[in-house]
$ cat protein-v6.tsv   # TSV, C-alpha atoms
chain	number	residue	atom	x	y	z
A	27	MET	CA	-0.29	-22.78	2.73
A	28	SER	CA	1.38	-24.31	5.76
A	29	ALA	CA	0.06	-23.21	9.12
A	30	SER	CA	3.65	-22.65	10.22
A	31	ILE	CA	4.11	-19.83	7.71
A	32	PRO	CA	2.79	-16.50	9.04
A	33	TYR	CA	0.17	-14.82	6.86
A	34	HIS	CA	1.96	-11.51	7.28
A	35	ILE	CA	4.53	-10.05	9.66
A	36	PRO	CA	3.64	-6.39	10.32
A	37	ALA	CA	6.48	-3.92	9.81
A	38	LEU	CA	7.40	-1.33	12.43
A	39	LEU	CA	4.64	-2.61	14.69
A	40	ASP	CA	5.77	-1.14	18.01
A	41	GLU	CA	6.77	2.19	16.47
A	42	THR	CA	3.40	2.49	14.74
A	43	ILE	CA	1.33	1.69	17.81
A	44	ILE	CA	3.33	4.10	19.99
A	45	GLY	CA	2.99	6.79	17.31
A	46	LEU	CA	-0.79	6.46	17.18
A	47	ASN	CA	-1.00	7.25	20.91
A	48	ILE	CA	-4.03	5.00	21.32
A	49	LYS	CA	-6.76	5.89	23.80
A	50	PRO	CA	-8.87	3.03	25.29
A	51	SER	CA	-12.09	4.80	24.30
A	52	GLY	CA	-10.88	5.92	20.88
A	53	THR	CA	-12.03	5.14	17.35
A	54	TYR	CA	-9.36	4.07	14.90
A	55	VAL	CA	-9.02	2.99	11.29
A	56	ASP	CA	-6.62	0.38	9.94
A	57	ALA	CA	-6.90	1.06	6.23
A	58	THR	CA	-4.93	-2.09	5.33
A	59	TYR	CA	-5.97	-5.02	7.54
A	60	GLY	CA	-3.91	-7.69	5.74
A	61	GLY	CA	-2.91	-10.30	8.30
A	62	GLY	CA	-4.35	-8.24	11.14
A	63	GLY	CA	-1.09	-7.62	13.00
A	64	HIS	CA	-1.49	-3.88	13.40
A	65	THR	CA	-5.23	-4.15	14.00
A	66	ASN	CA	-4.77	-6.73	16.76
A	67	ALA	CA	-2.22	-4.51	18.47
A	68	ILE	CA	-4.70	-1.61	18.40
A	69	ILE	CA	-7.50	-3.82	19.74
A	70	GLU	CA	-5.36	-4.88	22.70
A	71	ARG	CA	-5.24	-1.24	23.79
A	72	LEU	CA	-8.95	-0.54	23.35
A	73	SER	CA	-11.68	-0.92	25.96
A	74	ALA	CA	-14.96	-2.39	24.73
A	75	SER	CA	-16.77	-1.03	27.80
A	76	GLU	CA	-15.55	2.48	26.95
A	77	GLY	CA	-16.60	2.20	23.31
A	78	GLY	CA	-13.15	1.72	21.82
A	79	ARG	CA	-13.21	0.24	18.33
A	80	VAL	CA	-11.23	-0.08	15.15
A	81	PHE	CA	-12.57	-0.11	11.60
A	82	ALA	CA	-10.37	-2.37	9.49
A	83	PHE	CA	-10.50	-2.08	5.69
A	84	ASP	CA	-9.39	-4.73	3.21
A	85	GLN	CA	-10.48	-5.46	-0.34
A	86	ASP	CA	-9.13	-9.03	-0.31
A	87	THR	CA	-11.59	-11.79	0.59
A	88	ASP	CA	-8.72	-13.89	1.97
A	89	ALA	CA	-8.00	-11.25	4.61
A	90	ILE	CA	-11.67	-10.74	5.43
A	91	ALA	CA	-12.16	-14.49	5.91
A	92	ARG	CA	-9.32	-14.65	8.43
A	93	ALA	CA	-10.60	-11.81	10.61
A	94	PRO	CA	-12.17	-12.69	13.99
A	95	LYS	CA	-15.96	-12.76	13.88
A	96	ASP	CA	-16.69	-12.26	17.58
A	97	GLU	CA	-14.50	-9.28	18.51
A	98	PRO	CA	-16.76	-6.40	19.67
A	99	ARG	CA	-14.01	-3.83	19.21
A	100	LEU	CA	-13.50	-4.73	15.52
A	101	VAL	CA	-15.58	-3.66	12.53
A	102	MET	CA	-14.39	-5.24	9.28
A	103	VAL	CA	-15.02	-3.33	6.05
A	104	HIS	CA	-14.67	-5.25	2.79
A	105	SER	CA	-13.60	-2.33	0.63
A	106	ASN	CA	-10.69	-0.35	-0.74
A	107	PHE	CA	-9.62	2.37	1.69
A	108	ARG	CA	-10.22	5.02	-0.95
A	109	TYR	CA	-13.87	4.87	0.18
A	110	ILE	CA	-13.03	5.44	3.85
A	111	THR	CA	-15.30	8.48	4.24
A	112	ASN	CA	-18.37	6.78	2.76
A	113	PHE	CA	-18.08	3.65	4.89
A	114	LEU	CA	-17.42	5.54	8.11
A	115	ARG	CA	-20.46	7.71	7.38
A	116	PHE	CA	-22.49	4.53	6.85
A	117	HIS	CA	-21.48	3.50	10.39
A	118	ASN	CA	-22.39	6.98	11.70
A	119	VAL	CA	-18.74	7.87	12.32
A	120	THR	CA	-17.74	11.42	11.45
A	121	ALA	CA	-14.41	11.66	13.27
A	122	VAL	CA	-11.69	9.23	14.39
A	123	ASP	CA	-8.71	9.37	16.71
A	124	GLY	CA	-6.23	7.71	14.41
A	125	ILE	CA	-5.68	6.31	10.94
A	126	LEU	CA	-3.11	3.67	10.00
A	127	ALA	CA	-2.09	2.43	6.56
A	128	ASP	CA	0.60	-0.19	5.89
A	129	LEU	CA	0.90	0.12	2.13
A	130	GLY	CA	3.06	-2.94	1.54
A	131	VAL	CA	1.98	-6.14	-0.16
A	132	SER	CA	1.39	-8.81	2.49
A	133	SER	CA	3.71	-11.78	2.85
A	134	HIS	CA	0.72	-13.97	1.99
A	135	HIS	CA	0.35	-12.30	-1.39
A	136	PHE	CA	4.02	-12.73	-2.20
A	137	ASP	CA	4.10	-16.35	-1.04
A	138	ASP	CA	0.91	-17.47	-2.79
A	139	ALA	CA	1.97	-18.12	-6.40
A	140	THR	CA	-1.67	-18.15	-7.55
A	141	ARG	CA	-1.91	-14.41	-6.83
A	142	GLY	CA	0.89	-13.51	-9.26
A	143	PHE	CA	2.63	-10.84	-7.16
A	144	SER	CA	6.11	-12.39	-7.15
A	145	PHE	CA	8.53	-13.42	-9.88
A	146	ARG	CA	10.05	-16.12	-7.65
A	147	ALA	CA	7.47	-18.79	-8.55
A	148	ASP	CA	5.35	-19.44	-11.62
A	149	GLY	CA	1.63	-18.79	-11.56
A	150	PRO	CA	-1.06	-16.76	-13.30
A	151	LEU	CA	-0.37	-13.11	-14.06
A	152	ASP	CA	-3.09	-11.81	-11.77
A	153	MET	CA	-1.84	-9.18	-9.24
A	154	ARG	CA	-5.33	-8.08	-8.19
A	155	MET	CA	-5.72	-7.18	-4.54
A	156	ASN	CA	-9.47	-7.38	-5.10
A	157	ARG	CA	-10.18	-10.61	-6.92
A	158	ASN	CA	-13.54	-9.23	-8.06
A	159	ALA	CA	-11.83	-6.47	-10.03
A	160	ARG	CA	-11.84	-6.85	-13.80
A	161	LEU	CA	-8.29	-5.97	-14.82
A	162	THR	CA	-5.51	-8.51	-14.29
A	163	ALA	CA	-1.84	-8.09	-15.10
A	164	ALA	CA	-2.27	-10.56	-17.97
A	165	GLU	CA	-5.09	-8.54	-19.52
A	166	LEU	CA	-3.05	-5.37	-19.14
A	167	LEU	CA	-0.07	-6.89	-20.94
A	168	ASN	CA	-2.31	-8.34	-23.66
A	169	THR	CA	-4.25	-5.18	-24.44
A	170	ALA	CA	-2.30	-2.04	-23.51
A	171	SER	CA	-0.77	0.09	-26.25
A	172	PRO	CA	3.02	0.47	-26.54
A	173	GLU	CA	2.73	4.04	-25.29
A	174	SER	CA	0.64	3.03	-22.27
A	175	LEU	CA	2.96	0.16	-21.34
A	176	THR	CA	5.99	2.40	-21.64
A	177	SER	CA	4.36	5.04	-19.44
A	178	ILE	CA	3.35	2.46	-16.80
A	179	LEU	CA	6.83	0.91	-16.62
A	180	LYS	CA	8.53	4.30	-16.55
A	181	ASN	CA	6.24	6.12	-14.12
A	182	TYR	CA	5.39	3.28	-11.73
A	183	GLY	CA	8.52	1.16	-12.02
A	184	GLU	CA	11.04	3.94	-12.68
A	185	LEU	CA	12.69	1.72	-15.29
A	186	ALA	CA	15.26	3.28	-17.58
A	187	GLN	CA	14.60	0.68	-20.30
A	188	ALA	CA	10.81	0.99	-20.11
A	189	ARG	CA	10.39	1.41	-23.88
A	190	ARG	CA	12.55	-1.64	-24.73
A	191	ILE	CA	10.58	-3.83	-22.33
A	192	ALA	CA	7.26	-2.53	-23.70
A	193	ASP	CA	8.40	-3.23	-27.27
A	194	ALA	CA	9.37	-6.81	-26.35
A	195	ILE	CA	5.95	-7.37	-24.81
A	196	ILE	CA	4.21	-6.04	-27.93
A	197	ARG	CA	6.37	-8.23	-30.20
A	198	ARG	CA	5.35	-11.37	-28.31
A	199	ARG	CA	1.68	-10.40	-28.57
A	200	ASN	CA	1.98	-9.72	-32.28
A	201	GLN	CA	3.50	-13.19	-32.76
A	202	GLY	CA	0.32	-14.74	-31.35
A	203	HIS	CA	1.62	-15.55	-27.89
A	204	PRO	CA	-0.59	-13.90	-25.26
A	205	PHE	CA	0.59	-13.51	-21.69
A	206	GLU	CA	-0.97	-15.83	-19.14
A	207	THR	CA	1.72	-16.83	-16.65
A	208	ILE	CA	4.61	-15.26	-14.78
A	209	SER	CA	7.03	-17.44	-16.73
A	210	SER	CA	5.69	-16.08	-20.03
A	211	LEU	CA	6.55	-12.56	-18.87
A	212	LEU	CA	9.97	-13.55	-17.52
A	213	ASP	CA	10.85	-15.35	-20.76
A	214	THR	CA	10.05	-12.17	-22.68
A	215	ILE	CA	11.81	-9.56	-20.56
A	216	SER	CA	14.73	-11.46	-18.99
A	217	PRO	CA	17.02	-10.92	-22.02
A	218	LEU	CA	16.63	-7.16	-21.45
A	219	ILE	CA	17.42	-7.27	-17.74
A	220	ASP	CA	20.94	-6.53	-16.46
A	221	PRO	CA	22.02	-9.79	-14.74
A	222	ARG	CA	23.82	-7.72	-12.09
A	223	LYS	CA	20.54	-6.01	-11.21
A	224	GLU	CA	18.14	-8.82	-12.00
A	225	LYS	CA	16.16	-8.92	-8.74
A	226	LYS	CA	15.89	-5.15	-8.53
A	227	GLU	CA	14.75	-4.63	-12.12
A	228	LEU	CA	12.29	-7.54	-12.08
A	229	ALA	CA	10.88	-6.14	-8.84
A	230	GLN	CA	10.46	-2.77	-10.58
A	231	VAL	CA	8.55	-4.38	-13.47
A	232	PHE	CA	6.23	-6.25	-11.11
A	233	GLN	CA	5.77	-3.14	-8.96
A	234	ALA	CA	4.74	-1.09	-11.99
A	235	LEU	CA	2.17	-3.63	-13.16
A	236	ARG	CA	0.78	-4.13	-9.63
A	237	ILE	CA	0.40	-0.40	-9.00
A	238	TYR	CA	-1.49	0.08	-12.25
A	239	VAL	CA	-3.71	-2.99	-11.90
A	240	ASN	CA	-4.78	-1.92	-8.40
A	241	ASP	CA	-4.77	1.84	-9.06
A	242	GLU	CA	-2.74	2.15	-5.87
A	243	LEU	CA	-1.51	5.72	-6.07
A	244	SER	CA	-4.97	7.08	-6.81
A	245	ALA	CA	-6.31	5.23	-3.76
A	246	LEU	CA	-3.50	6.64	-1.63
A	247	ARG	CA	-4.27	10.18	-2.78
A	248	ALA	CA	-7.93	9.68	-1.84
A	249	LEU	CA	-6.98	8.42	1.63
A	250	LEU	CA	-4.60	11.31	2.27
A	251	ASN	CA	-7.12	13.91	1.14
A	252	SER	CA	-9.79	12.39	3.42
A	253	ALA	CA	-7.61	12.09	6.52
A	254	PRO	CA	-7.57	15.72	7.77
A	255	ARG	CA	-11.37	15.92	7.58
A	256	LEU	CA	-11.80	12.64	9.46
A	257	LEU	CA	-9.25	13.10	12.23
A	258	ARG	CA	-10.24	14.75	15.48
A	259	PRO	CA	-7.97	17.53	16.77
A	260	ASN	CA	-4.77	15.84	18.03
A	261	GLY	CA	-5.75	12.67	16.16
A	262	ARG	CA	-2.88	10.97	14.39
A	263	ILE	CA	-2.16	9.35	11.06
A	264	ALA	CA	0.60	6.76	10.61
A	265	ILE	CA	1.54	5.54	7.13
A	266	ILE	CA	4.14	2.93	6.21
A	267	THR	CA	5.47	3.11	2.65
A	268	TYR	CA	7.79	0.78	0.72
A	269	HIS	CA	8.90	2.68	-2.36
A	270	SER	CA	9.67	6.24	-3.36
A	271	LEU	CA	6.45	6.86	-5.28
A	272	GLU	CA	4.32	6.25	-2.19
A	273	ASP	CA	6.71	7.93	0.19
A	274	ARG	CA	6.92	11.11	-1.89
A	275	LEU	CA	3.13	11.52	-1.81
A	276	VAL	CA	2.94	10.87	1.93
A	277	LYS	CA	5.89	13.14	2.74
A	278	ASN	CA	4.45	16.00	0.68
A	279	PHE	CA	0.98	15.70	2.16
A	280	LEU	CA	1.98	15.41	5.80
A	281	LYS	CA	4.27	18.41	5.44
A	282	THR	CA	2.14	20.74	3.34
A	283	GLY	CA	-1.40	19.38	3.30
A	284	ASN	CA	-1.35	18.73	-0.44
A	285	ILE	CA	-0.08	16.00	-2.72
A	286	GLU	CA	2.07	18.36	-4.79
A	287	GLY	CA	4.05	19.50	-1.76
A	288	ILE	CA	3.28	23.17	-2.38
A	289	VAL	CA	4.10	25.13	0.77
A	290	ASN	CA	1.49	27.73	1.75
A	291	LYS	CA	2.51	30.21	4.45
A	292	ASP	CA	0.65	32.79	6.47
A	293	PHE	CA	1.63	36.45	6.88
A	294	TYR	CA	4.21	35.51	9.49
A	295	GLY	CA	5.83	32.80	7.39
A	296	HIS	CA	4.28	29.84	9.21
A	297	ILE	CA	3.42	26.84	7.03
A	298	GLN	CA	-0.35	26.48	6.70
A	299	ALA	CA	-1.12	22.76	6.84
A	300	PRO	CA	-3.76	20.70	8.66
A	301	LEU	CA	-1.21	18.24	10.05
A	302	ARG	CA	1.99	18.48	12.06
A	303	GLN	CA	4.67	15.89	11.45
A	304	LEU	CA	6.04	14.32	14.61
A	305	SER	CA	9.43	13.97	12.91
A	306	SER	CA	10.89	15.44	9.75
A	307	LYS	CA	12.52	12.11	8.93
A	308	PRO	CA	10.78	8.75	8.58
A	309	ILE	CA	11.16	5.95	11.11
A	310	ILE	CA	12.90	2.92	9.60
A	311	PRO	CA	13.31	-0.65	10.86
A	312	THR	CA	16.18	-1.58	13.15
A	313	ALA	CA	18.79	-4.07	12.04
A	314	GLN	CA	17.19	-6.58	14.40
A	315	GLU	CA	13.77	-6.19	12.77
A	316	ILE	CA	15.21	-6.55	9.28
A	317	GLU	CA	16.93	-9.75	10.39
A	318	ARG	CA	13.60	-11.11	11.71
A	319	ASN	CA	11.60	-9.82	8.76
A	320	PRO	CA	13.73	-9.09	5.65
A	321	ARG	CA	10.69	-7.74	3.80
A	322	SER	CA	10.60	-4.78	6.17
A	323	ARG	CA	13.95	-3.45	4.94
A	324	SER	CA	12.44	-0.77	2.71
A	325	ALA	CA	9.67	0.29	5.12
A	326	LYS	CA	9.36	3.94	6.11
A	327	LEU	CA	6.94	5.13	8.76
A	328	ARG	CA	5.71	8.73	8.83
A	329	ILE	CA	3.40	10.03	11.55
A	330	ALA	CA	1.54	13.32	11.81
A	331	GLU	CA	-0.99	14.89	14.18
A	332	LYS	CA	-4.10	16.90	13.34
A	333	ILE	CA	-3.60	20.51	14.39
$ encode --input "protein-v6.tsv" --output "structure tokens"
Amino acid sequence: MSASIPYHIPALLDETIIGLNIKPSGTYVDATYGGGGHTNAIIERLSASEGGRVFAFDQDTDAIARAPKDEPRLVMVHSNFRYITNFLRFHNVTAVDGILADLGVSSHHFDDATRGFSFRADGPLDMRMNRNARLTAAELLNTASPESLTSILKNYGELAQARRIADAIIRRRNQGHPFETISSLLDTISPLIDPRKEKKELAQVFQALRIYVNDELSALRALLNSAPRLLRPNGRIAIITYHSLEDRLVKNFLKTGNIEGIVNKDFYGHIQAPLRQLSSKPIIPTAQEIERNPRSRSAKLRIAEKI
């Protein structure tokens, strides 16, 4: 990869850092280190002499390798953020001042054809955030039942023609042509895609496979459920989502304290939830940011404070 191409441009950077209300002596978690943009911005506001530090999680060895090795305010954690509580406990941390998660796929992942996240270039059907994980997108396509594939495409990609696409995948397998590359998948499903909506529908297919391969929504649920217990009073959580499945979970949890969005009220009609949203509507990128970073166009930032 050319050195002139940024590893990842963080979305809603200023809005996120302002929303976290960072204290120089605070302890923070960046659950999705990626290219380090958000983490670096947090570090700039921390004082090493006052004990300020940030724990940055990432399951990708590429991201871990790029992290600075001599920054006293940074603790890198090579793990999925679903295990946030265990790893913080290992470091004798029981409470933090802020938690950040940028749930998007990094620019590096999209631009590196060998990772298999994008349909814009051919490469292996991988899609693993953690390259040590067993399941790849190719193995999923080559082994999943028609019912499972249909469910994955419908529930994670919100595709109206989920069954037709699943049937086409099964037919190719039954003809002795296993899936190995992005082009093999595109050749199979392109005839079923509406040419007027080609980019959108292909993105939905790839999103569905990626979410399942990385068990993304389950990891997000684990992070959300852990956050209220980890945050100090007045500590804040800031989460950036990129599609409706993520955003619905985050919106429900920050508002009600549960994934289902069930509102529990006290005797006086006040909502009983551990967090208070700073705004009922998400923060979205400005036109200027979208022009600089087109991949930020679907980003939504939600921030809440521990009551």
$ residues_around --input "protein-v6.tsv" --residues "segment 104-106 of chain A" --least-positions-apart "4" --cutoff "10 Å" --atoms "all atoms listed in the file" --output "list of chain:residue names"
A:Ala57, A:Thr58, A:Tyr59, A:Ala82, A:Phe83, A:Asp84, A:Gln85, A:Asp86, A:Thr87, A:Ala89, A:Ile90, A:Ile110, A:Phe113, A:Met155, A:Asn156, A:Asn240, A:Glu242, A:Ala245, A:Leu249
$ closest_residue --input "protein-v6.tsv" --among "A:Tyr54, A:Tyr182, A:Phe205, A:Tyr109" --to "Gly149 of chain A" --atoms "all atoms listed in the file"
A:Phe205
$ closest_residue --input "protein-v6.tsv" --among "A:Asn278, A:Ser306, A:Gln201, A:Asn260" --to "Leu46 of chain A" --atoms "all atoms listed in the file"
A:Asn260
$ closest_residue --input "protein-v6.tsv" --among "A:Ser252, A:Asn319, A:Asn290, A:Thr282" --to "Thr111 of chain A" --atoms "only C-alpha atoms"
A:Ser252
$ closest_residue --input "protein-v6.tsv" --among "A:Leu129, A:Ala147, A:Ala159, A:Ala234" --to "Val276 of chain A" --atoms "only C-alpha atoms"
A:Leu129
$ atom_distance --input "protein-v6.tsv" --atom1 "atom CA of Glu70 of chain A" --atom2 "atom CA of Leu100 of chain A"
10.9 Å
$ residues_around --input "protein-v6.tsv" --residues "Pro308 of chain A" --least-positions-apart "4" --cutoff "12 Å" --atoms "all atoms listed in the file" --output "ChimeraX atom specification"
/A:38,41-42,45,264-268,273-274,276-277,280,303-304,324-330
$ atom_distance --input "protein-v6.tsv" --atom1 "atom CA of Ile43 of chain A" --atom2 "atom CA of Ile237 of chain A"
26.9 Å
$ closest_residue --input "protein-v6.tsv" --among "A:Arg318, A:Lys291, A:His64, A:His296" --to "Asp40 of chain A" --atoms "only C-alpha atoms"
A:His64
$ residues_around --input "protein-v6.tsv" --residues "Pro36 of chain A" --least-positions-apart "5" --cutoff "10 Å" --atoms "only C-alpha atoms" --output "list of chain:residue names"
A:Thr42, A:Gly60, A:Gly61, A:Gly62, A:Gly63, A:His64, A:Thr65, A:Asp128, A:Gly130, A:Ser132, A:Ser133, A:Asn319, A:Arg321, A:Ser322
$ residues_around --input "protein-v6.tsv" --residues "Arg146 of chain A" --least-positions-apart "6" --cutoff "10 Å" --atoms "only C-alpha atoms" --output "PyMOL selection string"
chain A and resi 136-137+139+208-209+225+228
